[in-house]
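First comes the structure, then the notes that go with it.
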Amino acid sequence: MKRRLYIGTNTKMFQTAAEAEAYIRRMDELIGDIRDRLEFFFIPSYTSLERVARAVGGRIRIGAQNMAWEERGQYTGEISPLMLDEIGVRFVLIGHSERRHVFRETDEDEAKKIKCAADHGFTSLLCVGETSEQKESGLAEASVIKQLRAAAGVLSSEEASGKLWVAYEPVWAIGTSGVPASASYAEDMHGVIKAALRDMFGENGSAVPVLYGGSVNPSNAVDIISRKGIDGLFIGRSAWDPERFDSIIRDVLPVFENRQDY
Ligand code: PGA
């Protein structure tokens with residue numbers, strides 16, 4: 001069986017619930033004929049989750065942008081797995097670069113969240129990526145492996161199987177001031193991450209999908225997805241217009257499906 005292309009978007013703090021619903025309804029229509037060839041996902045703001053899940057939840061995987069590591073407690077401003085589970089959300093983004101760098105989350109925080117997500121049967125999309133300083137000092141690989149081991153290292157290989165997805169998102173490549181990684185650089189880093197996952201989880205580690213994110217756009221997406229070890233794309237800005245996102249998906253899908261490394 002062909003492997004499905006992992007592709008989706010996180011809308012950060014950009015869409016209101018009404019905007020998110022309109023967006024995902026349109027995406028749902030656009031990808032209707034290729035849906036079963038994709039692992040398509042949508043990660044809007046907390047306040048949109050219930051509405052978006054009601055609109056398309058059975059057909060599109062809906063995720064939260066963050067989650068607390070406890071079920072209940074004195075954690076003002078946090079949302080727990082029980083609260084997400086109650087509205088049918090069992091997919092969560094953990095350790096996005098903006099959480100780590102703007103909100104100062106640490107590897108230890110991400111580890112607790114990953115463990116809590118696994119304990120509640122959630123699938124986690126764990127983001128890892130080096131800063132430009134780390135890259136310039138030759139520490140890209142070491143930094144990414146450290147983040148991966150610190151967070152995903154709390155999982156057993158059974159827990160990692162099917163319930164852990166990883167996004168490689170170099171910090172210097174993300175957002176309006178980001179410079180996209182070259183496809184060959186992304187390929188090398190994916191190789192490093194895949195090797196670490198195999199080392200951590202054996203055969204189950206080989207099955208963990210690794211997505212690339214950071215300034216993916218209509219002109220670099222095909223080159224990136226043609227590379228070995230890149231199982232999907234995690235896109236921000238270029239995905240927020242449905243027609244534009246659909247056209248990226250249709251450009252990359254045949255290239256992905258013709259890859260020889262599966
Ligand atoms: P970008 O965002 O595609 O807008 O660079 C990617 C991300 O933050 O995941």
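Residue names in the structure tokens use chain letters A, B, ... in the order shown, residue numbers from 1 in each chain, and ligand numbers from 1 in the order shown.
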Could you list, with a cut-off of 12 Å and counting only C-alpha atoms and all ligand atoms, the residues of chain A near ligand 1, each shown with its nearest atom pair and the distance in Å rounded to one decimal, rows sorted by chain and ascending number, as JSON lines?
```
{"residue": "A:Ile7", "atom": "CA", "partner": "ligand 1", "partner_atom_place_in_ligand_line": "9 (O)", "distance": 11.3}
{"residue": "A:Gly8", "atom": "CA", "partner": "ligand 1", "partner_atom_place_in_ligand_line": "9 (O)", "distance": 9.5}
{"residue": "A:Thr9", "atom": "CA", "partner": "ligand 1", "partner_atom_place_in_ligand_line": "9 (O)", "distance": 7.3}
{"residue": "A:Asn10", "atom": "CA", "partner": "ligand 1", "partner_atom_place_in_ligand_line": "9 (O)", "distance": 6.4}
{"residue": "A:Thr11", "atom": "CA", "partner": "ligand 1", "partner_atom_place_in_ligand_line": "8 (O)", "distance": 8.5}
{"residue": "A:Lys12", "atom": "CA", "partner": "ligand 1", "partner_atom_place_in_ligand_line": "8 (O)", "distance": 7.6}
{"residue": "A:Met13", "atom": "CA", "partner": "ligand 1", "partner_atom_place_in_ligand_line": "8 (O)", "distance": 11.0}
{"residue": "A:Phe14", "atom": "CA", "partner": "ligand 1", "partner_atom_place_in_ligand_line": "4 (O)", "distance": 11.3}
{"residue": "A:Phe42", "atom": "CA", "partner": "ligand 1", "partner_atom_place_in_ligand_line": "9 (O)", "distance": 11.7}
{"residue": "A:Ile43", "atom": "CA", "partner": "ligand 1", "partner_atom_place_in_ligand_line": "9 (O)", "distance": 10.3}
{"residue": "A:Gln65", "atom": "CA", "partner": "ligand 1", "partner_atom_place_in_ligand_line": "9 (O)", "distance": 10.6}
{"residue": "A:Leu93", "atom": "CA", "partner": "ligand 1", "partner_atom_place_in_ligand_line": "9 (O)", "distance": 10.0}
{"residue": "A:Ile94", "atom": "CA", "partner": "ligand 1", "partner_atom_place_in_ligand_line": "9 (O)", "distance": 11.3}
{"residue": "A:Gly95", "atom": "CA", "partner": "ligand 1", "partner_atom_place_in_ligand_line": "9 (O)", "distance": 10.6}
{"residue": "A:His96", "atom": "CA", "partner": "ligand 1", "partner_atom_place_in_ligand_line": "9 (O)", "distance": 7.1}
{"residue": "A:Ser97", "atom": "CA", "partner": "ligand 1", "partner_atom_place_in_ligand_line": "8 (O)", "distance": 7.1}
{"residue": "A:Glu98", "atom": "CA", "partner": "ligand 1", "partner_atom_place_in_ligand_line": "8 (O)", "distance": 7.5}
{"residue": "A:Arg99", "atom": "CA", "partner": "ligand 1", "partner_atom_place_in_ligand_line": "8 (O)", "distance": 10.3}
{"residue": "A:Arg100", "atom": "CA", "partner": "ligand 1", "partner_atom_place_in_ligand_line": "8 (O)", "distance": 11.7}
{"residue": "A:His101", "atom": "CA", "partner": "ligand 1", "partner_atom_place_in_ligand_line": "8 (O)", "distance": 11.8}
{"residue": "A:Leu125", "atom": "CA", "partner": "ligand 1", "partner_atom_place_in_ligand_line": "9 (O)", "distance": 11.0}
{"residue": "A:Leu126", "atom": "CA", "partner": "ligand 1", "partner_atom_place_in_ligand_line": "9 (O)", "distance": 11.0}
{"residue": "A:Cys127", "atom": "CA", "partner": "ligand 1", "partner_atom_place_in_ligand_line": "9 (O)", "distance": 8.4}
{"residue": "A:Val128", "atom": "CA", "partner": "ligand 1", "partner_atom_place_in_ligand_line": "9 (O)", "distance": 10.5}
{"residue": "A:Gly129", "atom": "CA", "partner": "ligand 1", "partner_atom_place_in_ligand_line": "9 (O)", "distance": 10.7}
{"residue": "A:Val166", "atom": "CA", "partner": "ligand 1", "partner_atom_place_in_ligand_line": "9 (O)", "distance": 11.7}
{"residue": "A:Ala167", "atom": "CA", "partner": "ligand 1", "partner_atom_place_in_ligand_line": "9 (O)", "distance": 8.4}
{"residue": "A:Tyr168", "atom": "CA", "partner": "ligand 1", "partner_atom_place_in_ligand_line": "9 (O)", "distance": 9.2}
{"residue": "A:Glu169", "atom": "CA", "partner": "ligand 1", "partner_atom_place_in_ligand_line": "9 (O)", "distance": 6.7}
{"residue": "A:Pro170", "atom": "CA", "partner": "ligand 1", "partner_atom_place_in_ligand_line": "7 (C)", "distance": 9.3}
{"residue": "A:Val171", "atom": "CA", "partner": "ligand 1", "partner_atom_place_in_ligand_line": "8 (O)", "distance": 8.6}
{"residue": "A:Trp172", "atom": "CA", "partner": "ligand 1", "partner_atom_place_in_ligand_line": "5 (O)", "distance": 9.2}
{"residue": "A:Ala173", "atom": "CA", "partner": "ligand 1", "partner_atom_place_in_ligand_line": "5 (O)", "distance": 6.2}
{"residue": "A:Ile174", "atom": "CA", "partner": "ligand 1", "partner_atom_place_in_ligand_line": "5 (O)", "distance": 3.7}
{"residue": "A:Gly175", "atom": "CA", "partner": "ligand 1", "partner_atom_place_in_ligand_line": "5 (O)", "distance": 3.7}
{"residue": "A:Thr176", "atom": "CA", "partner": "ligand 1", "partner_atom_place_in_ligand_line": "4 (O)", "distance": 6.6}
{"residue": "A:Ser177", "atom": "CA", "partner": "ligand 1", "partner_atom_place_in_ligand_line": "5 (O)", "distance": 8.4}
{"residue": "A:Gly178", "atom": "CA", "partner": "ligand 1", "partner_atom_place_in_ligand_line": "5 (O)", "distance": 6.4}
{"residue": "A:Val179", "atom": "CA", "partner": "ligand 1", "partner_atom_place_in_ligand_line": "5 (O)", "distance": 8.3}
{"residue": "A:Pro180", "atom": "CA", "partner": "ligand 1", "partner_atom_place_in_ligand_line": "5 (O)", "distance": 7.6}
{"residue": "A:Ala181", "atom": "CA", "partner": "ligand 1", "partner_atom_place_in_ligand_line": "5 (O)", "distance": 10.4}
{"residue": "A:Leu211", "atom": "CA", "partner": "ligand 1", "partner_atom_place_in_ligand_line": "9 (O)", "distance": 10.2}
{"residue": "A:Tyr212", "atom": "CA", "partner": "ligand 1", "partner_atom_place_in_ligand_line": "9 (O)", "distance": 8.7}
{"residue": "A:Gly213", "atom": "CA", "partner": "ligand 1", "partner_atom_place_in_ligand_line": "6 (C)", "distance": 5.2}
{"residue": "A:Gly214", "atom": "CA", "partner": "ligand 1", "partner_atom_place_in_ligand_line": "5 (O)", "distance": 3.9}
{"residue": "A:Ser215", "atom": "CA", "partner": "ligand 1", "partner_atom_place_in_ligand_line": "5 (O)", "distance": 3.5}
{"residue": "A:Val216", "atom": "CA", "partner": "ligand 1", "partner_atom_place_in_ligand_line": "3 (O)", "distance": 5.2}
{"residue": "A:Asn217", "atom": "CA", "partner": "ligand 1", "partner_atom_place_in_ligand_line": "3 (O)", "distance": 7.3}
{"residue": "A:Pro218", "atom": "CA", "partner": "ligand 1", "partner_atom_place_in_ligand_line": "3 (O)", "distance": 10.9}
{"residue": "A:Asn220", "atom": "CA", "partner": "ligand 1", "partner_atom_place_in_ligand_line": "3 (O)", "distance": 11.3}
{"residue": "A:Ala221", "atom": "CA", "partner": "ligand 1", "partner_atom_place_in_ligand_line": "3 (O)", "distance": 10.7}
{"residue": "A:Leu233", "atom": "CA", "partner": "ligand 1", "partner_atom_place_in_ligand_line": "9 (O)", "distance": 9.2}
{"residue": "A:Phe234", "atom": "CA", "partner": "ligand 1", "partner_atom_place_in_ligand_line": "9 (O)", "distance": 5.8}
{"residue": "A:Ile235", "atom": "CA", "partner": "ligand 1", "partner_atom_place_in_ligand_line": "3 (O)", "distance": 4.2}
{"residue": "A:Gly236", "atom": "CA", "partner": "ligand 1", "partner_atom_place_in_ligand_line": "3 (O)", "distance": 3.4}
{"residue": "A:Arg237", "atom": "CA", "partner": "ligand 1", "partner_atom_place_in_ligand_line": "4 (O)", "distance": 3.9}
{"residue": "A:Ser238", "atom": "CA", "partner": "ligand 1", "partner_atom_place_in_ligand_line": "3 (O)", "distance": 6.1}
{"residue": "A:Ala239", "atom": "CA", "partner": "ligand 1", "partner_atom_place_in_ligand_line": "3 (O)", "distance": 7.6}
{"residue": "A:Trp240", "atom": "CA", "partner": "ligand 1", "partner_atom_place_in_ligand_line": "4 (O)", "distance": 9.1}
{"residue": "A:Phe245", "atom": "CA", "partner": "ligand 1", "partner_atom_place_in_ligand_line": "3 (O)", "distance": 11.2}
```
Applying 9 Å and only C-alpha atoms, which residues near Asp223 of chain A remain after dropping the ones on its own chain fewer than 5 positions away? List them as a list in words. Ser182, Ala183, Ser184, Val252 and Val255 of chain A
Create the file for the chosen residues now, containing N, CA and C atoms and written as an mmCIF file, in the first residue's frame.
```cif
data_model
loop_
_atom_site.group_PDB
_atom_site.id
_atom_site.type_symbol
_atom_site.label_atom_id
_atom_site.label_comp_id
_atom_site.auth_asym_id
_atom_site.auth_seq_id
_atom_site.Cartn_x
_atom_site.Cartn_y
_atom_site.Cartn_z
ATOM 1 N N SER A 182 17.169 24.626 2.378
ATOM 2 C CA SER A 182 17.273 24.020 1.049
ATOM 3 C C SER A 182 16.775 22.586 1.170
ATOM 4 N N ALA A 183 16.314 22.054 0.056
ATOM 5 C CA ALA A 183 15.784 20.683 0.094
ATOM 6 C C ALA A 183 16.872 19.709 0.534
ATOM 7 N N SER A 184 18.108 19.921 0.100
ATOM 8 C CA SER A 184 19.151 18.963 0.463
ATOM 9 C C SER A 184 19.497 19.066 1.957
ATOM 10 N N VAL A 252 2.500 18.485 -4.985
ATOM 11 C CA VAL A 252 3.455 17.589 -4.309
ATOM 12 C C VAL A 252 2.989 16.135 -4.277
ATOM 13 N N VAL A 255 4.442 13.606 -6.824
ATOM 14 C CA VAL A 255 5.897 13.489 -6.624
ATOM 15 C C VAL A 255 6.158 12.598 -5.411
#
```
Pick out each residue of segment 43-92 of chain A that DSSP on the backbone tags as strand (DSSP E or B); I need them as an mmCIF file with C-alpha atoms, in the first residue's frame.
```cif
data_model
loop_
_atom_site.group_PDB
_atom_site.id
_atom_site.type_symbol
_atom_site.label_atom_id
_atom_site.label_comp_id
_atom_site.auth_asym_id
_atom_site.auth_seq_id
_atom_site.Cartn_x
_atom_site.Cartn_y
_atom_site.Cartn_z
ATOM 1 C CA ILE A 43 -4.547 22.944 13.938
ATOM 2 C CA ARG A 61 -7.981 15.431 11.702
ATOM 3 C CA ILE A 62 -8.268 18.417 14.041
ATOM 4 C CA ALA A 64 -4.798 21.653 19.344
ATOM 5 C CA PHE A 91 -4.261 15.274 18.315
ATOM 6 C CA VAL A 92 -1.894 17.890 19.695
#
```
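Between atom CA of Asn66 of chain A and atom CA of Ile79 of chain A lies a distance of 7.9 Å.
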Have a look at A:Lys146, A:Glu130, A:Gly32, A:Arg25 and name the one nearest to Gly57 of chain A; count only C-alpha atoms. A:Arg25
In terms of the shortest atom-to-atom distance over only C-alpha atoms, which of A:Ala22, A:Met67, A:Ala142, A:Ile34 is closest to Asp241 of chain A? A:Ala22
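Atom CA of Lys113 of chain A to atom CA of Trp69 of chain A spans 4.6 Å [interatomic distance, one decimal].
Minimum distance to Ile249 of chain A across A:Ala196, A:Met189, A:Ile31, A:Val102 (counting only C-alpha atoms) occurs at A:Ile31.
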Write out as a ChimeraX atom specification which residues come within 12 Å of Gly202 of chain A when counting only C-alpha atoms, dropping same-chain ones fewer than 5 positions away. /A:156-158,160-161,194-197,207-208
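Minimum atom-to-atom distances from A:Glu50, A:Glu141, A:Asp251, A:Glu110 to Glu86 of chain A were compared using only C-alpha atoms, and the lowest value belongs to A:Glu50.
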Which of A:Arg4, A:Arg59, A:Arg198, A:Arg250 sits closest to Glu29 of chain A [using only C-alpha atoms]: A:Arg59
Just want the 12 Å neighbourhood of Ala18 of chain A, counted on only C-alpha atoms, with same-chain residues fewer than 3 positions away dropped. Output as a list in words. Phe14, Gln15, Glu21, Ala22, Tyr23, Ile24, Arg25, Pro44, Ser45, Thr47, Ser48, Leu49, Glu50, Arg51, Val52 and Ala55 of chain A
Grab the residues selected above and save them as a CSV table (one decimal), in the first residue's frame with all heavy atoms.
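Generated output (result_9.csv):
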```csv
chain,number,residue,atom,x,y,z
A,14,PHE,N,-4.0,33.5,14.2
A,14,PHE,CA,-4.4,34.3,13.1
A,14,PHE,C,-5.9,34.2,12.8
A,14,PHE,O,-6.5,35.2,12.4
A,14,PHE,CB,-3.7,34.0,11.8
A,14,PHE,CG,-2.3,34.6,11.8
A,14,PHE,CD1,-1.2,33.9,12.0
A,14,PHE,CD2,-2.2,36.0,11.6
A,14,PHE,CE1,0.1,34.5,12.0
A,14,PHE,CE2,-0.9,36.6,11.6
A,14,PHE,CZ,0.2,35.9,11.8
A,15,GLN,N,-6.6,33.1,13.0
A,15,GLN,CA,-8.0,33.0,12.5
A,15,GLN,C,-8.9,33.0,13.7
A,15,GLN,O,-8.7,32.3,14.7
A,15,GLN,CB,-8.2,31.7,11.7
A,15,GLN,CG,-7.5,31.7,10.4
A,15,GLN,CD,-7.7,30.4,9.7
A,15,GLN,OE1,-8.2,29.4,10.2
A,15,GLN,NE2,-7.3,30.4,8.4
A,21,GLU,N,-13.6,28.2,10.6
A,21,GLU,CA,-14.7,27.4,10.1
A,21,GLU,C,-14.8,27.5,8.6
A,21,GLU,O,-14.9,26.6,7.8
A,21,GLU,CB,-16.0,27.6,10.8
A,21,GLU,CG,-17.1,26.7,10.3
A,21,GLU,CD,-18.4,26.8,10.9
A,21,GLU,OE1,-18.6,27.5,12.0
A,21,GLU,OE2,-19.4,26.2,10.3
A,22,ALA,N,-14.9,28.8,8.1
A,22,ALA,CA,-15.0,29.0,6.7
A,22,ALA,C,-13.8,28.4,5.9
A,22,ALA,O,-14.0,27.8,4.9
A,22,ALA,CB,-15.1,30.6,6.4
A,23,TYR,N,-12.6,28.6,6.5
A,23,TYR,CA,-11.4,28.1,5.9
A,23,TYR,C,-11.5,26.5,5.7
A,23,TYR,O,-11.3,26.0,4.7
A,23,TYR,CB,-10.2,28.5,6.7
A,23,TYR,CG,-8.9,27.7,6.3
A,23,TYR,CD1,-8.1,28.2,5.3
A,23,TYR,CD2,-8.6,26.5,6.9
A,23,TYR,CE1,-7.0,27.6,4.9
A,23,TYR,CE2,-7.4,25.9,6.5
A,23,TYR,CZ,-6.6,26.4,5.5
A,23,TYR,OH,-5.5,25.7,5.1
A,24,ILE,N,-11.9,25.9,6.8
A,24,ILE,CA,-11.8,24.4,6.8
A,24,ILE,C,-12.9,23.8,6.0
A,24,ILE,O,-12.8,22.8,5.4
A,24,ILE,CB,-11.7,23.8,8.2
A,24,ILE,CG1,-11.0,22.4,8.2
A,24,ILE,CG2,-13.0,23.7,9.0
A,24,ILE,CD1,-9.6,22.4,7.6
A,25,ARG,N,-14.1,24.5,6.0
A,25,ARG,CA,-15.1,24.0,5.1
A,25,ARG,C,-14.7,24.1,3.6
A,25,ARG,O,-14.9,23.1,2.9
A,25,ARG,CB,-16.4,24.9,5.3
A,25,ARG,CG,-17.2,24.5,6.5
A,25,ARG,CD,-18.6,25.2,6.5
A,25,ARG,NE,-19.3,25.0,7.7
A,25,ARG,CZ,-20.0,23.9,8.0
A,25,ARG,NH1,-20.0,22.9,7.2
A,25,ARG,NH2,-20.6,23.8,9.2
A,44,PRO,N,-6.1,24.7,14.5
A,44,PRO,CA,-6.5,26.1,14.7
A,44,PRO,C,-6.4,26.5,16.2
A,44,PRO,O,-6.0,25.7,17.0
A,44,PRO,CB,-8.0,26.1,14.3
A,44,PRO,CG,-8.5,24.7,14.7
A,44,PRO,CD,-7.3,23.8,14.6
A,45,SER,N,-6.8,27.7,16.5
A,45,SER,CA,-6.8,28.1,17.9
A,45,SER,C,-7.8,27.3,18.8
A,45,SER,O,-8.8,26.8,18.3
A,45,SER,CB,-7.2,29.6,18.0
A,45,SER,OG,-6.3,30.4,17.3
A,47,THR,N,-10.2,28.2,20.6
A,47,THR,CA,-11.6,28.7,20.6
A,47,THR,C,-12.3,28.2,19.3
A,47,THR,O,-13.5,28.3,19.2
A,47,THR,CB,-11.8,30.2,20.7
A,47,THR,OG1,-10.9,30.8,19.7
A,47,THR,CG2,-11.4,30.7,22.1
A,48,SER,N,-11.6,27.8,18.3
A,48,SER,CA,-12.2,27.3,17.1
A,48,SER,C,-12.4,25.8,17.1
A,48,SER,O,-13.1,25.3,16.2
A,48,SER,CB,-11.2,27.6,15.9
A,48,SER,OG,-10.8,28.9,15.9
A,49,LEU,N,-11.8,25.1,18.0
A,49,LEU,CA,-11.7,23.6,17.9
A,49,LEU,C,-13.1,23.0,17.8
A,49,LEU,O,-13.3,22.1,16.9
A,49,LEU,CB,-10.9,23.0,19.1
A,49,LEU,CG,-9.4,23.2,19.0
A,49,LEU,CD1,-8.8,22.8,20.3
A,49,LEU,CD2,-8.8,22.5,17.8
A,50,GLU,N,-14.0,23.4,18.7
A,50,GLU,CA,-15.2,22.7,18.8
A,50,GLU,C,-16.1,22.9,17.5
A,50,GLU,O,-16.6,22.0,16.9
A,50,GLU,CB,-16.0,23.2,20.0
A,50,GLU,CG,-17.1,22.2,20.4
A,50,GLU,CD,-17.7,22.5,21.8
A,50,GLU,OE1,-17.2,23.5,22.4
A,50,GLU,OE2,-18.5,21.7,22.2
A,51,ARG,N,-16.0,24.2,17.1
A,51,ARG,CA,-16.8,24.6,15.9
A,51,ARG,C,-16.2,23.9,14.6
A,51,ARG,O,-17.0,23.4,13.8
A,51,ARG,CB,-16.6,26.1,15.8
A,51,ARG,CG,-17.6,26.7,14.8
A,51,ARG,CD,-17.7,28.2,15.2
A,51,ARG,NE,-18.1,28.9,14.0
A,51,ARG,CZ,-18.5,30.2,14.0
A,51,ARG,NH1,-18.4,30.9,15.1
A,51,ARG,NH2,-18.9,30.7,12.9
A,52,VAL,N,-14.9,23.9,14.5
A,52,VAL,CA,-14.3,23.3,13.3
A,52,VAL,C,-14.5,21.7,13.4
A,52,VAL,O,-14.8,21.1,12.3
A,52,VAL,CB,-12.8,23.6,13.4
A,52,VAL,CG1,-11.9,22.7,12.6
A,52,VAL,CG2,-12.6,25.1,12.9
A,55,ALA,N,-17.9,21.0,12.2
A,55,ALA,CA,-18.0,21.2,10.7
A,55,ALA,C,-17.4,20.1,9.9
A,55,ALA,O,-18.0,19.6,8.9
A,55,ALA,CB,-17.4,22.5,10.3
```
If you run DSSP on the backbone here, which positions in segment 13-261 of chain A get helix (DSSP H, G or I)? Please write them as a ChimeraX atom specification. /A:17-30,35-37,46-56,81-86,97-101,107-119,132-136,140-152,157-160,171-173,183-201,203-206,221-225,237-239,242-257
